[in-house]
Amino acid sequence: MPRFPLTPVVALLFLCLLPTLSFNIGVVSNSRSSGFRRCDKIGHSVRDTFTTQLFAIGALARKAKEAEVKQWLEAGGAEEVKNVMLEMSGDAHIEVQPLLKDAITKRRRTLSVVAEYKRNFKGDGYVNEIFEPDLMSPIFREFGASACAVMTDKRVGGCDYDDLKTVTDEQENSRGDVPGPLPVVCSDMIVADEQIARAKLNGAQAVLLQLGLLNEEVLKGMMEKAAKIGLETVVQASTEEEVKTAVSLGAKIIKVNSIEEIEVKEEWREMMGEDVTAVADISANDNKQLEEVEEAWKLRDAGYQAVWVSDCLYKSGNDPTEHAGAIIQAMKAKSSVKYASPRSKSGKGEGSREYLGDIMM
């Protein structure tokens, strides 16, 4: 069998194949290096065979991102972030204002929504394109999201730091209005301090750090450096072990990104303690139904204060009853799967006129 050199191009080719590979084999990888989890549908022997492959792909993802950051720095990015990097390495400490934590931590049994902007989607259940960030940003705010994120990983989300700047500027322009500006999270695959500095320069109030991508020591250092420039951190965990690690690191906001059952996520929530703001990622189903609204209600009842939603916001385009704003409001509804169903008359999802669901007698 021919052997290929591990170049950034080869790494990116592997990454492009990852969604298909993960979907077809249906395995679980609890590896800290990969951070990817899939349900075990085909038995332990096959799962173990492919776990090593997913482990390697996670390493390729990191290498590809590191190469991308290096290329950006060599093209002049190092000069752009030079002053912020000096602040991050200095002894001065800025008191971090918990804008994000306060925004998404509401009273008990009240759910907040972190709406993520991206341009790229996978699957047949999605629209081909969405509005530009300066048009989507006010929709998030006006329809009740408590915060927004921008997927600045070009390969995964199709956005870049210019999009992040557009969103942060649009939010800031609403200062003095009701509702006012939302805190914005830079949702990149962060592997270098320079990305944190770049997020700060482009107006973000927080950054996402992934335990599946960074080891404990590196992530702890990045949390401290982010704090020095006034940024909050959201720590992403995909396994029980990573949840425990996030808690031990003193993470104030923990985002769970896993396809484990609700009951398992509820156990993880209990591990975090009351002082931690728990956020659960909701993955989109590859269809035009809106079961994700029901999942949001279950997560709220399991003790999570917020859900992080992305692809499912755009599944129905700008249908007046199922556009991004309507889905946000449906997820925030004071409803329960015990008494209601997030179905509209079209049979897809809860409509913009009625957010309490159809009572099921």
# chains A, B, ... in the order shown; residues from 1 in each chain; ligands from 1
$ residues_around --residues "stretch 154-160 of chain A" --least-positions-apart "6" --cutoff "8 Å" --atoms "only C-alpha atoms" --output "ChimeraX atom specification"
/A:118-121
$ write_last_selection --atoms "C-alpha atoms" --output "short mmCIF file (atom, residue, chain, number, x, y, z; two decimals), in the first residue's frame"
data_model
loop_
_atom_site.label_atom_id
_atom_site.label_comp_id
_atom_site.auth_asym_id
_atom_site.auth_seq_id
_atom_site.Cartn_x
_atom_site.Cartn_y
_atom_site.Cartn_z
CA LYS A 118 -22.08 29.47 10.45
CA ARG A 119 -22.25 29.24 6.68
CA ASN A 120 -21.60 25.55 6.01
CA PHE A 121 -23.99 22.71 6.76
#
$ residues_around --residues "A:Ala306" --least-positions-apart "3" --cutoff "12 Å" --atoms "only C-alpha atoms" --output "PyMOL selection string"
chain A and resi 100-115+145-148+253-256+269+276-282+295-303+309+328+331-332
$ residues_around --residues "A:His93" --least-positions-apart "3" --cutoff "12 Å" --atoms "only C-alpha atoms" --output "PyMOL selection string"
chain A and resi 87-90+96+224-231
$ atom_distance --atom1 "atom CA of A:Asp162" --atom2 "atom CA of A:Pro98"
24.5 Å
$ residues_around --residues "stretch 232-240 of chain A" --least-positions-apart "2" --cutoff "6 Å" --atoms "only C-alpha atoms" --output "PDB file with N, CA, C and O atoms, in the first residue's frame"
ATOM      1  N   ALA A 206     -15.760  36.025  24.736  1.00  0.00           N
ATOM      2  CA  ALA A 206     -15.383  34.703  25.259  1.00  0.00           C
ATOM      3  C   ALA A 206     -14.837  33.848  24.133  1.00  0.00           C
ATOM      4  O   ALA A 206     -15.058  34.123  22.946  1.00  0.00           O
ATOM      5  N   VAL A 207     -14.108  32.800  24.522  1.00  0.00           N
ATOM      6  CA  VAL A 207     -13.586  31.840  23.555  1.00  0.00           C
ATOM      7  C   VAL A 207     -13.954  30.431  23.996  1.00  0.00           C
ATOM      8  O   VAL A 207     -14.133  30.165  25.191  1.00  0.00           O
ATOM      9  N   LEU A 208     -14.062  29.532  23.023  1.00  0.00           N
ATOM     10  CA  LEU A 208     -14.349  28.128  23.289  1.00  0.00           C
ATOM     11  C   LEU A 208     -13.044  27.346  23.267  1.00  0.00           C
ATOM     12  O   LEU A 208     -12.285  27.409  22.298  1.00  0.00           O
ATOM     13  N   LEU A 209     -12.774  26.598  24.348  1.00  0.00           N
ATOM     14  CA  LEU A 209     -11.592  25.742  24.442  1.00  0.00           C
ATOM     15  C   LEU A 209     -12.048  24.304  24.601  1.00  0.00           C
ATOM     16  O   LEU A 209     -12.906  24.006  25.436  1.00  0.00           O
ATOM     17  N   GLN A 210     -11.454  23.392  23.822  1.00  0.00           N
ATOM     18  CA  GLN A 210     -11.935  22.017  23.765  1.00  0.00           C
ATOM     19  C   GLN A 210     -10.952  21.053  24.431  1.00  0.00           C
ATOM     20  O   GLN A 210      -9.807  20.931  24.021  1.00  0.00           O
ATOM     21  N   LEU A 211     -11.445  20.339  25.450  1.00  0.00           N
ATOM     22  CA  LEU A 211     -10.619  19.337  26.102  1.00  0.00           C
ATOM     23  C   LEU A 211     -10.308  18.167  25.173  1.00  0.00           C
ATOM     24  O   LEU A 211      -9.320  17.474  25.371  1.00  0.00           O
ATOM     25  N   GLU A 242     -13.651  14.067  30.875  1.00  0.00           N
ATOM     26  CA  GLU A 242     -13.398  15.457  30.515  1.00  0.00           C
ATOM     27  C   GLU A 242     -14.242  16.415  31.347  1.00  0.00           C
ATOM     28  O   GLU A 242     -13.789  17.519  31.681  1.00  0.00           O
ATOM     29  N   VAL A 243     -15.458  16.019  31.686  1.00  0.00           N
ATOM     30  CA  VAL A 243     -16.293  16.847  32.561  1.00  0.00           C
ATOM     31  C   VAL A 243     -15.609  17.022  33.911  1.00  0.00           C
ATOM     32  O   VAL A 243     -15.514  18.141  34.447  1.00  0.00           O
ATOM     33  N   ILE A 253     -17.918  27.876  32.971  1.00  0.00           N
ATOM     34  CA  ILE A 253     -18.939  27.498  31.984  1.00  0.00           C
ATOM     35  C   ILE A 253     -18.441  26.233  31.293  1.00  0.00           C
ATOM     36  O   ILE A 253     -17.352  26.224  30.707  1.00  0.00           O
ATOM     37  N   ILE A 254     -19.222  25.178  31.370  1.00  0.00           N
ATOM     38  CA  ILE A 254     -18.844  23.911  30.731  1.00  0.00           C
ATOM     39  C   ILE A 254     -19.885  23.560  29.681  1.00  0.00           C
ATOM     40  O   ILE A 254     -21.085  23.515  29.956  1.00  0.00           O
ATOM     41  N   LYS A 255     -19.404  23.312  28.475  1.00  0.00           N
ATOM     42  CA  LYS A 255     -20.274  22.938  27.357  1.00  0.00           C
ATOM     43  C   LYS A 255     -20.094  21.446  27.083  1.00  0.00           C
ATOM     44  O   LYS A 255     -18.991  20.977  26.795  1.00  0.00           O
ATOM     45  N   VAL A 256     -21.185  20.706  27.172  1.00  0.00           N
ATOM     46  CA  VAL A 256     -21.165  19.269  26.910  1.00  0.00           C
ATOM     47  C   VAL A 256     -21.492  19.036  25.443  1.00  0.00           C
ATOM     48  O   VAL A 256     -22.542  19.452  24.960  1.00  0.00           O
ATOM     49  N   ASN A 257     -20.565  18.389  24.748  1.00  0.00           N
ATOM     50  CA  ASN A 257     -20.761  18.063  23.332  1.00  0.00           C
ATOM     51  C   ASN A 257     -20.663  16.559  23.178  1.00  0.00           C
ATOM     52  O   ASN A 257     -19.583  16.003  22.998  1.00  0.00           O
ATOM     53  N   SER A 258     -21.799  15.879  23.285  1.00  0.00           N
ATOM     54  CA  SER A 258     -21.819  14.419  23.271  1.00  0.00           C
ATOM     55  C   SER A 258     -23.191  13.948  22.830  1.00  0.00           C
ATOM     56  O   SER A 258     -24.187  14.640  23.029  1.00  0.00           O
TER      57      SER A 258
END
$ select_by_dssp --residues "stretch 60-253 of chain A" --states "strand (DSSP E)" --output "list of chain:residue names"
A:Ser112, A:Val113, A:Val114, A:Ala115, A:Glu116, A:Tyr117, A:Ala147, A:Cys148, A:Ala149, A:Val150, A:Val184, A:Val185, A:Cys186, A:Ala206, A:Val207, A:Leu208, A:Leu209, A:Gln210, A:Glu232, A:Thr233, A:Val234, A:Val235, A:Gln236, A:Ala237, A:Ile253
$ atom_distance --atom1 "atom CA of A:Met223" --atom2 "atom CA of A:Asp91"
14.6 Å
$ closest_residue --among "A:Glu217, A:Asp153, A:Glu132, A:Glu172" --to "A:Ile190" --atoms "only C-alpha atoms"
A:Asp153
$ select_by_dssp --residues "stretch 84-141 of chain A" --states "helix (DSSP H, G or I)" --output "number ranges by chain"
A: 84-89, 99-104, 133-141
$ write_last_selection --atoms "C-alpha atoms" --output "mmCIF file, in the first residue's frame"
data_model
loop_
_atom_site.group_PDB
_atom_site.id
_atom_site.type_symbol
_atom_site.label_atom_id
_atom_site.label_comp_id
_atom_site.auth_asym_id
_atom_site.auth_seq_id
_atom_site.Cartn_x
_atom_site.Cartn_y
_atom_site.Cartn_z
ATOM 1 C CA VAL A 84 -2.380 41.573 22.672
ATOM 2 C CA MET A 85 0.122 38.718 22.967
ATOM 3 C CA LEU A 86 2.281 40.953 25.170
ATOM 4 C CA GLU A 87 -0.711 41.544 27.453
ATOM 5 C CA MET A 88 -1.357 37.813 27.625
ATOM 6 C CA SER A 89 2.211 37.078 28.668
ATOM 7 C CA LEU A 99 -20.981 38.940 30.718
ATOM 8 C CA LEU A 100 -21.533 35.545 29.106
ATOM 9 C CA LYS A 101 -22.074 33.626 32.326
ATOM 10 C CA ASP A 102 -24.552 36.191 33.629
ATOM 11 C CA ALA A 103 -26.381 36.308 30.293
ATOM 12 C CA ILE A 104 -26.980 32.563 30.044
ATOM 13 C CA PRO A 133 -23.916 37.706 9.575
ATOM 14 C CA ASP A 134 -25.012 41.335 9.849
ATOM 15 C CA LEU A 135 -28.579 40.183 9.108
ATOM 16 C CA MET A 136 -28.595 37.045 11.274
ATOM 17 C CA SER A 137 -27.035 38.744 14.296
ATOM 18 C CA PRO A 138 -30.073 40.967 15.067
ATOM 19 C CA ILE A 139 -32.413 38.014 14.501
ATOM 20 C CA PHE A 140 -30.622 36.115 17.263
ATOM 21 C CA ARG A 141 -30.954 39.090 19.596
#
